Structure formats: C-alpha cells, structure tokens
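data18.txt follows; it contains compact mmCIF, C-alpha atoms and all ligand atoms.
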# COMPACT_ATOMS: atom_id res chain seq x y z
CA MET A 1 115.84 84.77 95.02
CA ASP A 2 113.58 86.62 92.59
CA PHE A 3 110.23 84.95 91.91
CA THR A 4 108.92 87.64 89.53
CA ALA A 5 108.77 85.27 86.60
CA HIS A 6 106.73 82.82 88.66
CA MET A 7 104.13 85.10 90.22
CA ASP A 8 100.58 83.97 89.42
CA PHE A 9 97.99 86.55 88.45
CA THR A 10 94.22 86.52 88.56
CA THR A 11 91.30 88.85 87.84
CA LEU A 12 89.91 90.78 90.79
CA GLY A 13 86.24 89.98 90.24
CA ARG A 14 84.16 92.51 88.35
CA THR A 15 86.89 95.17 88.50
CA GLY A 16 88.72 93.28 85.76
CA LEU A 17 92.03 94.34 87.37
CA LYS A 18 94.88 91.87 86.81
CA VAL A 19 96.32 91.23 90.25
CA SER A 20 98.96 89.03 91.83
CA VAL A 21 97.53 86.19 93.93
CA ALA A 22 99.75 87.37 96.80
CA GLY A 23 99.09 90.90 98.04
CA LEU A 24 101.17 92.96 100.44
CA GLY A 25 99.28 93.94 103.59
CA CYS A 26 100.74 97.07 105.14
CA GLY A 27 98.67 96.84 108.34
CA GLY A 28 98.04 93.99 110.78
CA HIS A 29 100.35 93.59 113.74
CA SER A 30 103.48 94.34 111.72
CA ARG A 31 102.60 97.47 109.75
CA LEU A 32 105.64 96.82 107.54
CA GLY A 33 107.75 96.46 110.68
CA LYS A 34 106.77 99.88 112.10
CA THR A 35 105.36 98.30 115.26
CA LYS A 36 108.77 96.78 115.99
CA GLY A 37 110.59 100.05 115.34
CA ALA A 38 111.61 99.67 111.70
CA SER A 39 112.65 102.91 110.01
CA ALA A 40 110.70 104.26 107.04
CA GLU A 41 113.58 103.10 104.84
CA GLN A 42 113.43 99.55 106.23
CA SER A 43 109.65 99.43 105.83
CA GLY A 44 110.06 100.78 102.30
CA ASP A 45 112.44 97.90 101.60
CA VAL A 46 109.59 95.46 102.31
CA VAL A 47 107.38 97.24 99.76
CA ARG A 48 110.16 97.33 97.15
CA ALA A 49 110.90 93.65 97.78
CA ALA A 50 107.22 92.86 97.25
CA LEU A 51 107.25 94.63 93.89
CA ASP A 52 110.46 92.82 92.92
CA LEU A 53 108.77 89.51 93.78
CA GLY A 54 105.99 90.30 91.31
CA ILE A 55 103.38 91.45 93.85
CA ASN A 56 101.33 94.25 92.29
CA PHE A 57 98.53 94.53 94.89
CA ILE A 58 99.29 96.67 97.93
CA ASP A 59 96.81 97.25 100.74
CA THR A 60 97.30 100.08 103.20
CA ALA A 61 95.20 102.54 105.25
CA PRO A 62 95.62 105.84 107.09
CA ALA A 63 95.04 103.91 110.33
CA TYR A 64 98.23 101.89 109.73
CA GLY A 65 100.49 104.90 109.26
CA THR A 66 102.03 103.24 106.20
CA GLU A 67 100.58 105.23 103.30
CA GLU A 68 103.59 107.58 103.06
CA ILE A 69 105.97 104.61 103.07
CA VAL A 70 104.05 102.96 100.25
CA GLY A 71 103.91 106.23 98.30
CA ALA A 72 107.68 106.73 98.55
CA ALA A 73 108.44 103.10 97.64
CA LEU A 74 106.18 103.31 94.58
CA LYS A 75 108.04 106.28 93.10
CA GLY A 76 108.41 105.54 89.40
CA ARG A 77 106.52 102.25 89.79
CA ARG A 78 102.94 103.47 90.39
CA ASP A 79 101.63 102.39 86.99
CA GLY A 80 102.32 98.71 87.59
CA ALA A 81 100.70 98.71 91.04
CA VAL A 82 97.12 98.23 92.17
CA LEU A 83 96.67 100.39 95.26
CA SER A 84 94.11 99.69 97.95
CA THR A 85 93.50 102.05 100.87
CA LYS A 86 90.64 102.87 103.20
CA THR A 87 88.77 105.39 105.27
CA GLN A 88 87.36 105.07 108.77
CA ILE A 89 83.63 105.63 109.11
CA VAL A 90 83.48 107.08 112.64
CA THR A 91 84.90 110.35 113.93
CA SER A 92 88.56 110.34 114.84
CA GLY A 93 89.14 109.01 118.36
CA SER A 94 85.64 107.58 118.80
CA ASP A 95 84.77 103.91 119.31
CA VAL A 96 85.26 102.16 115.95
CA LEU A 97 82.39 99.84 116.78
CA GLY A 98 80.06 102.70 117.66
CA THR A 99 77.75 105.08 115.86
CA ASP A 100 79.57 108.40 116.24
CA PHE A 101 79.76 108.56 112.44
CA LYS A 102 81.90 111.14 110.70
CA ASP A 103 80.33 113.85 108.59
CA PRO A 104 80.06 112.34 105.10
CA SER A 105 81.71 115.42 103.56
CA GLN A 106 84.85 114.48 105.55
CA LEU A 107 85.42 111.66 103.07
CA VAL A 108 86.57 114.17 100.46
CA ALA A 109 89.35 115.43 102.74
CA ASP A 110 90.23 111.86 103.76
CA LEU A 111 90.68 110.82 100.15
CA GLU A 112 92.78 113.89 99.32
CA LYS A 113 95.05 113.08 102.29
CA SER A 114 95.51 109.51 101.08
CA LEU A 115 96.23 110.69 97.52
CA THR A 116 98.90 113.06 98.83
CA ALA A 117 100.46 110.45 101.13
CA LEU A 118 100.48 107.85 98.36
CA GLN A 119 101.82 110.39 95.81
CA THR A 120 99.16 109.50 93.27
CA ASP A 121 96.05 111.01 91.74
CA TYR A 122 93.84 107.91 91.93
CA ILE A 123 93.20 104.95 94.22
CA ASP A 124 92.41 101.63 92.57
CA VAL A 125 90.29 100.23 95.41
CA TYR A 126 88.99 102.54 98.13
CA HIS A 127 87.37 100.75 101.10
CA LEU A 128 85.27 101.65 104.06
CA HIS A 129 87.49 100.31 106.84
CA GLY A 130 86.21 97.73 109.32
CA VAL A 131 82.44 98.09 109.08
CA MET A 132 80.21 96.36 111.67
CA PRO A 133 76.80 94.84 110.84
CA GLU A 134 74.92 97.65 112.61
CA GLN A 135 76.91 100.30 110.73
CA HIS A 136 76.40 99.15 107.17
CA ALA A 137 72.99 100.68 106.48
CA TRP A 138 74.19 104.13 107.56
CA CYS A 139 77.29 103.80 105.36
CA ALA A 140 75.23 102.79 102.34
CA GLU A 141 72.85 105.70 102.82
CA HIS A 142 75.30 108.47 103.71
CA LEU A 143 78.81 107.55 102.56
CA LEU A 144 78.13 105.69 99.34
CA PRO A 145 76.84 108.77 97.45
CA VAL A 146 80.02 110.69 98.38
CA LEU A 147 82.20 107.76 97.33
CA LYS A 148 80.36 107.56 94.01
CA GLY A 149 80.93 111.27 93.46
CA MET A 150 84.68 110.83 93.96
CA GLN A 151 84.59 107.80 91.69
CA SER A 152 82.95 109.81 88.91
CA GLN A 153 85.79 112.33 89.22
CA GLY A 154 88.27 109.51 88.52
CA LYS A 155 89.90 109.69 91.97
CA ILE A 156 88.67 106.23 92.91
CA ARG A 157 88.42 103.36 90.43
CA TYR A 158 86.53 100.77 92.49
CA LEU A 159 84.68 100.71 95.80
CA GLY A 160 85.43 98.22 98.55
CA ILE A 161 84.44 97.34 102.10
CA THR A 162 86.30 95.44 104.81
CA GLU A 163 84.84 93.57 107.75
CA ARG A 164 86.03 93.73 111.38
CA PHE A 165 86.82 90.00 111.64
CA ILE A 166 87.79 90.00 115.33
CA TYR A 167 84.34 91.30 116.33
CA ASP A 168 82.39 89.83 113.42
CA PRO A 169 83.87 86.35 112.91
CA THR A 170 80.60 85.05 111.39
CA HIS A 171 80.72 87.70 108.60
CA GLU A 172 77.37 89.19 109.47
CA MET A 173 78.24 92.58 107.95
CA LEU A 174 79.34 91.03 104.65
CA GLY A 175 76.10 89.05 104.56
CA VAL A 176 74.19 92.34 104.40
CA ALA A 177 76.71 94.16 102.21
CA LEU A 178 76.83 91.42 99.58
CA GLU A 179 73.06 91.33 99.42
CA ASP A 180 72.92 95.11 98.85
CA ASP A 181 75.71 94.66 96.28
CA HIS A 182 77.20 98.18 96.33
CA TRP A 183 80.82 97.05 96.54
CA ASP A 184 83.12 95.80 93.77
CA VAL A 185 85.63 94.35 96.25
CA ILE A 186 85.36 92.95 99.79
CA MET A 187 87.98 91.98 102.36
CA THR A 188 87.19 89.07 104.66
CA GLY A 189 88.94 87.07 107.37
CA PHE A 190 89.60 83.40 106.62
CA ASN A 191 92.06 80.84 107.92
CA LEU A 192 92.37 77.18 108.70
CA ILE A 193 90.88 77.64 112.19
CA ASN A 194 87.89 79.78 111.15
CA PRO A 195 87.04 78.86 107.56
CA SER A 196 83.42 80.03 107.86
CA ALA A 197 83.71 82.45 104.92
CA ARG A 198 83.65 79.27 102.81
CA ASN A 199 79.97 78.83 103.62
CA VAL A 200 78.66 82.38 103.88
CA VAL A 201 80.93 84.69 101.86
CA PHE A 202 82.63 82.97 98.92
CA PRO A 203 79.50 81.44 97.36
CA VAL A 204 78.02 84.96 97.12
CA THR A 205 81.18 86.76 95.97
CA GLN A 206 81.61 84.12 93.28
CA SER A 207 78.03 84.33 92.04
CA LYS A 208 78.12 88.16 92.01
CA ASN A 209 81.71 88.37 90.73
CA VAL A 210 82.86 90.54 93.66
CA GLY A 211 86.65 90.83 94.03
CA THR A 212 87.74 89.00 97.20
CA LEU A 213 90.71 89.90 99.39
CA LEU A 214 91.69 87.71 102.27
CA MET A 215 93.14 88.80 105.61
CA PHE A 216 94.07 86.86 108.80
CA ALA A 217 95.58 83.94 106.86
CA VAL A 218 98.18 83.63 109.60
CA ARG A 219 97.86 86.49 112.08
CA ARG A 220 99.00 85.50 115.64
CA ALA A 221 97.53 82.05 116.21
CA LEU A 222 99.17 80.58 113.12
CA SER A 223 102.53 82.34 113.42
CA GLN A 224 103.14 82.07 117.18
CA PRO A 225 103.09 78.51 118.68
CA GLU A 226 102.11 79.78 122.15
CA ALA A 227 99.13 81.71 120.75
CA LEU A 228 98.07 78.59 118.82
CA ARG A 229 98.23 76.38 121.94
CA SER A 230 96.19 78.92 123.87
CA LEU A 231 93.53 79.18 121.15
CA ILE A 232 93.24 75.39 120.84
CA SER A 233 92.96 75.07 124.61
CA ASP A 234 90.06 77.59 124.55
CA LEU A 235 88.33 75.70 121.74
CA ILE A 236 88.66 72.46 123.72
CA SER A 237 87.31 74.12 126.91
CA ASP A 238 84.36 75.47 124.95
CA GLY A 239 83.62 71.99 123.62
CA LEU A 240 84.24 73.08 120.03
CA VAL A 241 87.19 70.74 119.46
CA GLY A 242 87.38 67.29 121.05
CA ALA A 243 90.30 66.90 123.51
CA ASP A 244 90.97 63.42 122.14
CA ASP A 245 91.07 64.62 118.54
CA ILE A 246 94.07 66.92 118.79
CA ASP A 247 97.52 67.11 120.37
CA PRO A 248 97.22 70.26 122.55
CA GLU A 249 101.01 70.75 122.59
CA ASN A 250 101.53 70.47 118.82
CA PRO A 251 98.02 70.87 117.43
CA LEU A 252 98.89 71.34 113.77
CA ASP A 253 101.98 69.19 113.39
CA PHE A 254 100.03 66.77 111.20
CA LEU A 255 100.27 69.41 108.45
CA MET A 256 103.97 68.62 108.18
CA ASP A 257 103.39 64.85 107.80
CA GLU A 258 104.93 63.18 104.77
CA ASN A 259 106.94 66.32 104.07
CA ASP A 260 103.89 68.17 102.76
CA ALA A 261 104.34 71.59 104.39
CA ASP A 262 107.59 72.82 105.92
CA SER A 263 105.83 74.85 108.62
CA VAL A 264 102.43 75.81 110.00
CA VAL A 265 102.81 79.27 108.45
CA GLU A 266 103.44 77.75 105.04
CA ALA A 267 100.44 75.42 105.34
CA ALA A 268 98.25 78.31 106.50
CA TYR A 269 99.01 80.44 103.44
CA ARG A 270 98.62 77.48 101.06
CA PHE A 271 95.29 76.61 102.68
CA CYS A 272 94.00 80.11 101.88
CA ARG A 273 95.46 80.49 98.43
CA HIS A 274 93.66 77.50 96.97
CA GLU A 275 90.25 78.21 98.48
CA PRO A 276 87.74 78.68 95.64
CA GLY A 277 86.55 82.29 95.66
CA VAL A 278 89.72 83.82 97.06
CA ASP A 279 91.37 86.23 94.62
CA ILE A 280 94.21 87.65 96.71
CA VAL A 281 95.81 86.40 99.92
CA LEU A 282 97.26 89.35 101.82
CA THR A 283 100.45 88.79 103.72
CA GLY A 284 101.57 91.29 106.34
CA THR A 285 105.15 91.40 107.55
CA GLY A 286 108.03 93.64 108.52
CA SER A 287 110.56 91.12 107.28
CA VAL A 288 111.81 90.70 103.72
CA ALA A 289 112.82 87.12 104.58
CA HIS A 290 109.28 86.33 105.78
CA LEU A 291 107.82 88.00 102.71
CA LYS A 292 109.90 85.83 100.38
CA GLU A 293 108.98 82.72 102.34
CA ASN A 294 105.29 83.64 102.23
CA VAL A 295 105.26 84.36 98.51
CA ARG A 296 106.92 81.02 97.95
CA SER A 297 104.21 79.35 100.11
CA ILE A 298 101.36 81.13 98.34
CA LEU A 299 102.72 79.92 94.99
CA LYS A 300 102.95 76.28 96.13
CA PRO A 301 100.20 73.72 95.41
CA ALA A 302 97.31 73.09 97.79
CA ILE A 303 98.09 71.20 101.00
CA ALA A 304 97.57 67.42 100.97
CA GLU A 305 94.00 66.23 100.69
CA LYS A 306 94.45 64.14 103.82
CA SER A 307 95.36 67.28 105.80
CA GLN A 308 92.41 69.17 104.36
CA LYS A 309 90.07 66.41 105.53
CA ILE A 310 91.50 66.52 109.06
CA LEU A 311 91.19 70.33 109.12
CA ALA A 312 87.58 70.14 107.95
CA ARG A 313 86.76 67.64 110.69
CA LEU A 314 88.55 69.62 113.42
CA PHE A 315 87.69 73.21 112.47
CA GLY A 316 85.15 73.17 109.62
CA HIS A 317 82.38 74.29 111.99
CA ILE A 318 84.35 77.04 113.83
CA ASN A 319 83.03 80.58 113.33
CA ASN A 320 83.61 82.31 116.66
CA VAL A 321 87.36 83.11 116.63
CA SER A 322 89.65 85.11 114.34
CA GLY A 323 93.08 83.72 115.20
CA ASN A 324 94.20 87.15 116.38
N1 LIG B 401 89.57 95.29 108.67
C1 LIG B 401 90.63 95.50 107.90
O1 LIG B 401 90.54 96.31 107.01
C2 LIG B 401 91.90 94.73 108.12
C3 LIG B 401 92.16 94.10 109.34
C4 LIG B 401 93.30 93.34 109.45
C5 LIG B 401 94.18 93.23 108.38
N2 LIG B 401 93.93 93.89 107.21
C6 LIG B 401 94.85 93.80 106.06
O2 LIG B 401 95.23 92.45 105.87
C7 LIG B 401 96.66 92.38 105.88
C8 LIG B 401 97.12 91.02 106.31
O3 LIG B 401 96.62 90.69 107.59
P1 LIG B 401 97.51 90.19 108.76
O4 LIG B 401 98.31 91.28 109.30
O5 LIG B 401 96.63 89.47 109.68
O6 LIG B 401 98.56 89.26 108.01
P2 LIG B 401 98.94 87.77 108.16
O7 LIG B 401 99.73 87.53 106.97
O8 LIG B 401 97.77 86.91 108.44
O9 LIG B 401 99.84 87.74 109.52
C9 LIG B 401 100.97 88.38 109.60
C10 LIG B 401 101.64 88.16 110.96
O10 LIG B 401 102.36 86.94 110.95
C11 LIG B 401 103.79 87.20 111.05
N3 LIG B 401 104.44 86.47 109.95
C12 LIG B 401 104.32 86.71 108.63
N4 LIG B 401 105.07 85.84 107.93
C13 LIG B 401 105.68 85.04 108.81
C14 LIG B 401 106.57 83.95 108.68
N5 LIG B 401 106.97 83.51 107.47
N6 LIG B 401 107.02 83.36 109.80
C15 LIG B 401 106.61 83.78 111.02
N7 LIG B 401 105.76 84.81 111.20
C16 LIG B 401 105.28 85.44 110.11
C17 LIG B 401 103.98 88.68 110.85
O11 LIG B 401 105.03 89.16 111.68
P3 LIG B 401 106.48 89.56 111.08
O12 LIG B 401 106.44 91.02 110.84
O13 LIG B 401 107.40 89.16 112.17
O14 LIG B 401 106.68 88.77 109.83
C18 LIG B 401 102.61 89.26 111.20
O15 LIG B 401 102.54 89.71 112.53
C19 LIG B 401 97.07 93.55 106.76
O16 LIG B 401 98.41 93.90 106.57
C20 LIG B 401 96.12 94.61 106.29
O17 LIG B 401 96.58 95.14 105.05
C21 LIG B 401 92.79 94.63 107.07

Write out the structure in this file as structure tokens.
Ligand SMILES: NC(=O)c1ccc[n+]([C@@H]2O[C@H](COP(=O)([O-])OP(=O)(O)OC[C@H]3O[C@@H](n4cnc5c(N)ncnc54)[C@H](OP(=O)(O)O)[C@@H]3O)[C@@H](O)[C@H]2O)c1
Amino acid sequence: MDFTAHMDFTTLGRTGLKVSVAGLGCGGHSRLGKTKGASAEQSGDVVRAALDLGINFIDTAPAYGTEEIVGAALKGRRDGAVLSTKTQIVTSGSDVLGTDFKDPSQLVADLEKSLTALQTDYIDVYHLHGVMPEQHAWCAEHLLPVLKGMQSQGKIRYLGITERFIYDPTHEMLGVALEDDHWDVIMTGFNLINPSARNVVFPVTQSKNVGTLLMFAVRRALSQPEALRSLISDLISDGLVGADDIDPENPLDFLMDENDADSVVEAAYRFCRHEPGVDIVLTGTGSVAHLKENVRSILKPAIAEKSQKILARLFGHINNVSGN
C-alpha cells in the first residue's frame, strides 16, 4: 500500500526544511538489514520503499556502513531528499567516550568521503556523532570553525549534533549544547520508558527553534518482549517502578486496551510522534513490511489519553535507561 499521498510534513526548526514526520534511520541495530546479512540491493529496497512512502528525511553515518546504499538508492531522486549524515569526533578505533580527539582538519576528508559515498555535492544536515557532555566544549572550540568553513563552501547546509543516549540518558550534553546554541538540528533519545527529553530538551529546542530528530522510539525494549520484561524487572528492582503497579509479564498490554493500539511497537511510535517539540521520528529497520507498519503508526493519532496518564504515572520520572 502506498501512503505517499498521506505523509505529513513539518518544518525542521530554524532550517526551514520541509520534512516528513517519519524519517528513515539507516543505523541502529538494523542498519537497513545489514546486521542480519541483507545484501546491498535488499537494503536499498528499504530506502526506495521509504521514498515511495513519502519519507524525504534519511539519516545515515559512516559508522553504520550505509552511506553507499543510500547514495545508490537516491540515484535520480536526490533533489527530493533531505540527507543527514555525521562524523565521529575521536580518532578511528579509539574509545568513542574518550578524549583522543581527531585532528580537526580530518573533518574535511570525512565530509568528502561522505559526499562521494552519498553521490552528492552537499549534505543537508551534517552532525557531530554521539557527543558526550565532557566532549562538547572541545568540539565547539575546535570542530565548529571547520564545519562553518565547509558550510560557507555550500557543502553542508545545516549543522547538527547527536547525543549518546545509552551513556547520557539524562541529556546532559544537549543541555550544554542547546545553551551554547551552535546547532540548527539536534538528535535526542526519547521513548515511552524514558521520556525525560520532555522536561529538559524539548522546551529549549522549541523556544530556540532548533530542529529536533528523535531516536530510540522503539529500539530493543519496545520491539522485543523479552527485553521489555527484563528492563521492567530492573526498574522494579531499583525501586523506580512499583511492583504492584505493573504486570511484569505483560507490562505494556494496557496500551492495547479498547482497541487503541494494535501493538506495543505501534503505541511506541505514536507516543513519540505526537510529543510537542518532536519534528521527525526516525524509524530504523531492515524490513519493508516493518517500515510500512511504522509509517502507518507514525501517521495515526495520539494514543488514548487514559494510556498517556498511566505511562506518565509509571515512567514519567525515568531518566536512567535508554531502552537499548
Ligand atoms: N547517536 C546517534 O547518532 C544515533 C544513535 C542511535 C540511532 N541513531 C539514528 O536513529 C535511527 C533510529 O534509531 P533506532 O535504530 O533505535 O530505531 P527504532 O525505530 O527505535 O528501533 C528499531 C528496531 O526495532 C525493530 N523494529 C522496527 N520496526 C519494527 C516492527 N514494526 N516490529 C518489530 N520490530 C521492529 C528493528 O528491527 P527490524 O530490522 O527487524 O525491523 C530495529 O532493530 C537509527 O537508524 C539512526 O539513524 C542515531
């Protein structure tokens, strides 16, 4: 089924770019199916299906190994797409959380590599990939001037930064980055188990008109029942969720009450899509069937108010897990 006619579009903050509310994530655990052995052709089919569904925002990165696939799938369709890719900030092979920073001049070669892989001469949104709180000041001082130089040459349209949600589930880095206000676009983790960006990220992105991309809408905990049970059991053990308040075997089944959502995955995407301040919900998959399902979910109305109240009571205070 083709949803192109029904895709919803929004403005990506101060960039003014018109973007689909669903974005294709070419990383995460699936990497367009590469992690499960999909061929480049099969992964390309996911990208082409996304475009056919009306998705125009595509997020990739050298670290995912999917830039070439995206570049090939966009042949003849580049003009309609908004391309987002990234660069790592530490030297290749070093600890991504550490301070073995790459030489700033390396960014020029990184960008050229991405342009070649993506078969384009400009990137719409170019991010620093997975920056930790302790790393941001160095990035702003040493990498930002190089990024601005490449922007003035027209090779980058807008600058972005992504957090490392697994290690920074309270969004400490974005707290600093949004205050400094160098970035037109940010990418943050948000989902129905850790909705803390609602309190510390979205109020600022909205007031400063920063484009906001959302990752981890579903990830593992909300797509794999066993991972969900294990996460809920940890939250109960840590005293963060009351044992009497939740069914540990089927913790989120209430979301399907009264035929509201068809599945936890559907509810999870709908929960994110309607959060004020979220511009694009990224969905990462190696499956065209999942992609279609997810686009359909993202285009559905918000989940029932009753469910939202229960979620707020159960998880509204959680800010120490990512759902990975
Ligand atoms: N710091 C960063 O810069 C950073 C970090 C993480 C992610 N990201 C970006 O954000 C994107 C999205 O993040 P994410 O990977 O966490 O995506 P997600 O949409 O939250 O989760 C996707 C996972 O759920 C599974 N899934 C998707 N649809 C499903 C369905 N209908 N039913 C059952 N399982 C389903 C996928 O596996 P299947 O392949 O089996 O569908 C995949 O493993 C990434 O692709 C990447 O572009 C950026």

Near Glu179 (chain A), counting all atoms listed in the file, which residues have an atom at most 10 Å away, once you skip same-chain residues fewer than 6 positions from it, shown as a VMD selection string?
-> chain A and resid 204 to 205 208

Surrounding residues of region 217-229 of chain A excluding itself and chain neighbours under 2 positions, 7 Å, all atoms listed in the file, as a list in words = Phe190, Asn191, Met215, Leu231, Ile232, Ser233, Pro248, Glu249, Val264, Val265, Ala268, Tyr269, Cys272, Gly323 and Asn324 of chain A

How about saving the chosen residues, C-alpha atoms kept, as a PDB file, in the frame of the given file?
ATOM      1  CA  PHE A 190      89.600  83.400 106.620  1.00  0.00           C
ATOM      2  CA  ASN A 191      92.060  80.840 107.920  1.00  0.00           C
ATOM      3  CA  MET A 215      93.140  88.800 105.610  1.00  0.00           C
ATOM      4  CA  LEU A 231      93.530  79.180 121.150  1.00  0.00           C
ATOM      5  CA  ILE A 232      93.240  75.390 120.840  1.00  0.00           C
ATOM      6  CA  SER A 233      92.960  75.070 124.610  1.00  0.00           C
ATOM      7  CA  PRO A 248      97.220  70.260 122.550  1.00  0.00           C
ATOM      8  CA  GLU A 249     101.010  70.750 122.590  1.00  0.00           C
ATOM      9  CA  VAL A 264     102.430  75.810 110.000  1.00  0.00           C
ATOM     10  CA  VAL A 265     102.810  79.270 108.450  1.00  0.00           C
ATOM     11  CA  ALA A 268      98.250  78.310 106.500  1.00  0.00           C
ATOM     12  CA  TYR A 269      99.010  80.440 103.440  1.00  0.00           C
ATOM     13  CA  CYS A 272      94.000  80.110 101.880  1.00  0.00           C
ATOM     14  CA  GLY A 323      93.080  83.720 115.200  1.00  0.00           C
ATOM     15  CA  ASN A 324      94.200  87.150 116.380  1.00  0.00           C
TER      16      ASN A 324
END

For each of A:Asn250, A:Ser20, A:Thr87, A:Thr120, take the minimum atom-to-atom distance to ligand LIG 401 (chain B), counting all atoms listed in the file, then give the residue where this is smallest.
-> A:Thr87

Could you name the residues that touch region 31-45 of chain A at 10 Å or less, counting all atoms listed in the file, but leaving out those on the same chain fewer than 2 positions away, as a list in words?
-> Leu24, Gly25, Cys26, Gly27, Gly28, His29, Val47, Arg48, Ala49, Ala50, Leu51, Thr60, Ala63, Tyr64, Gly65, Thr66, Glu68, Ile69, Val70, Gly71, Ala72, Ala73, Leu74, Gly284, Thr285, Gly286, Ser287 and Val288 of chain A

Please save C-alpha atoms of the selected residues as a PDB file, in the frame of the given file.
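The resulting part-v2.pdb:
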ATOM      1  CA  LEU A  24     101.170  92.960 100.440  1.00  0.00           C
ATOM      2  CA  GLY A  25      99.280  93.940 103.590  1.00  0.00           C
ATOM      3  CA  CYS A  26     100.740  97.070 105.140  1.00  0.00           C
ATOM      4  CA  GLY A  27      98.670  96.840 108.340  1.00  0.00           C
ATOM      5  CA  GLY A  28      98.040  93.990 110.780  1.00  0.00           C
ATOM      6  CA  HIS A  29     100.350  93.590 113.740  1.00  0.00           C
ATOM      7  CA  VAL A  47     107.380  97.240  99.760  1.00  0.00           C
ATOM      8  CA  ARG A  48     110.160  97.330  97.150  1.00  0.00           C
ATOM      9  CA  ALA A  49     110.900  93.650  97.780  1.00  0.00           C
ATOM     10  CA  ALA A  50     107.220  92.860  97.250  1.00  0.00           C
ATOM     11  CA  LEU A  51     107.250  94.630  93.890  1.00  0.00           C
ATOM     12  CA  THR A  60      97.300 100.080 103.200  1.00  0.00           C
ATOM     13  CA  ALA A  63      95.040 103.910 110.330  1.00  0.00           C
ATOM     14  CA  TYR A  64      98.230 101.890 109.730  1.00  0.00           C
ATOM     15  CA  GLY A  65     100.490 104.900 109.260  1.00  0.00           C
ATOM     16  CA  THR A  66     102.030 103.240 106.200  1.00  0.00           C
ATOM     17  CA  GLU A  68     103.590 107.580 103.060  1.00  0.00           C
ATOM     18  CA  ILE A  69     105.970 104.610 103.070  1.00  0.00           C
ATOM     19  CA  VAL A  70     104.050 102.960 100.250  1.00  0.00           C
ATOM     20  CA  GLY A  71     103.910 106.230  98.300  1.00  0.00           C
ATOM     21  CA  ALA A  72     107.680 106.730  98.550  1.00  0.00           C
ATOM     22  CA  ALA A  73     108.440 103.100  97.640  1.00  0.00           C
ATOM     23  CA  LEU A  74     106.180 103.310  94.580  1.00  0.00           C
ATOM     24  CA  GLY A 284     101.570  91.290 106.340  1.00  0.00           C
ATOM     25  CA  THR A 285     105.150  91.400 107.550  1.00  0.00           C
ATOM     26  CA  GLY A 286     108.030  93.640 108.520  1.00  0.00           C
ATOM     27  CA  SER A 287     110.560  91.120 107.280  1.00  0.00           C
ATOM     28  CA  VAL A 288     111.810  90.700 103.720  1.00  0.00           C
TER      29      VAL A 288
END

Excluding same-chain residues fewer than 3 positions from Asp181 (chain A), what lies within 9 Å of it counting only C-alpha atoms, as number ranges by chain?
-> A: 176-178, 184, 208, 210

Would you save the residues of that selection, restricted to C-alpha atoms, as an mmCIF file, in the frame of the given file?
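What ended up in out_1.cif:
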data_model
loop_
_atom_site.group_PDB
_atom_site.id
_atom_site.type_symbol
_atom_site.label_atom_id
_atom_site.label_comp_id
_atom_site.auth_asym_id
_atom_site.auth_seq_id
_atom_site.Cartn_x
_atom_site.Cartn_y
_atom_site.Cartn_z
ATOM 1 C CA VAL A 176 74.190 92.340 104.400
ATOM 2 C CA ALA A 177 76.710 94.160 102.210
ATOM 3 C CA LEU A 178 76.830 91.420 99.580
ATOM 4 C CA ASP A 184 83.120 95.800 93.770
ATOM 5 C CA LYS A 208 78.120 88.160 92.010
ATOM 6 C CA VAL A 210 82.860 90.540 93.660
#

Looking at only C-alpha atoms and all ligand atoms, which of A:Trp183, A:Phe254, A:Tyr158, A:Phe57 is the one that sits closest to ligand LIG 401 (chain B)?
-> A:Phe57

Using only C-alpha atoms, which of the listed residues (A:Lys292, A:Arg14, A:His171, A:Lys86) sits closest to Asn199 (chain A)?
-> A:His171

Within 9 Å of Val131 (chain A) using all atoms listed in the file, minus same-chain residues under 4 positions, as a count of residues only | 13

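Proximity ranking of A:His274, A:His182, A:His6, A:His127 relative to ligand LIG 401 (chain B) places A:His127 first, based on all atoms listed in the file.
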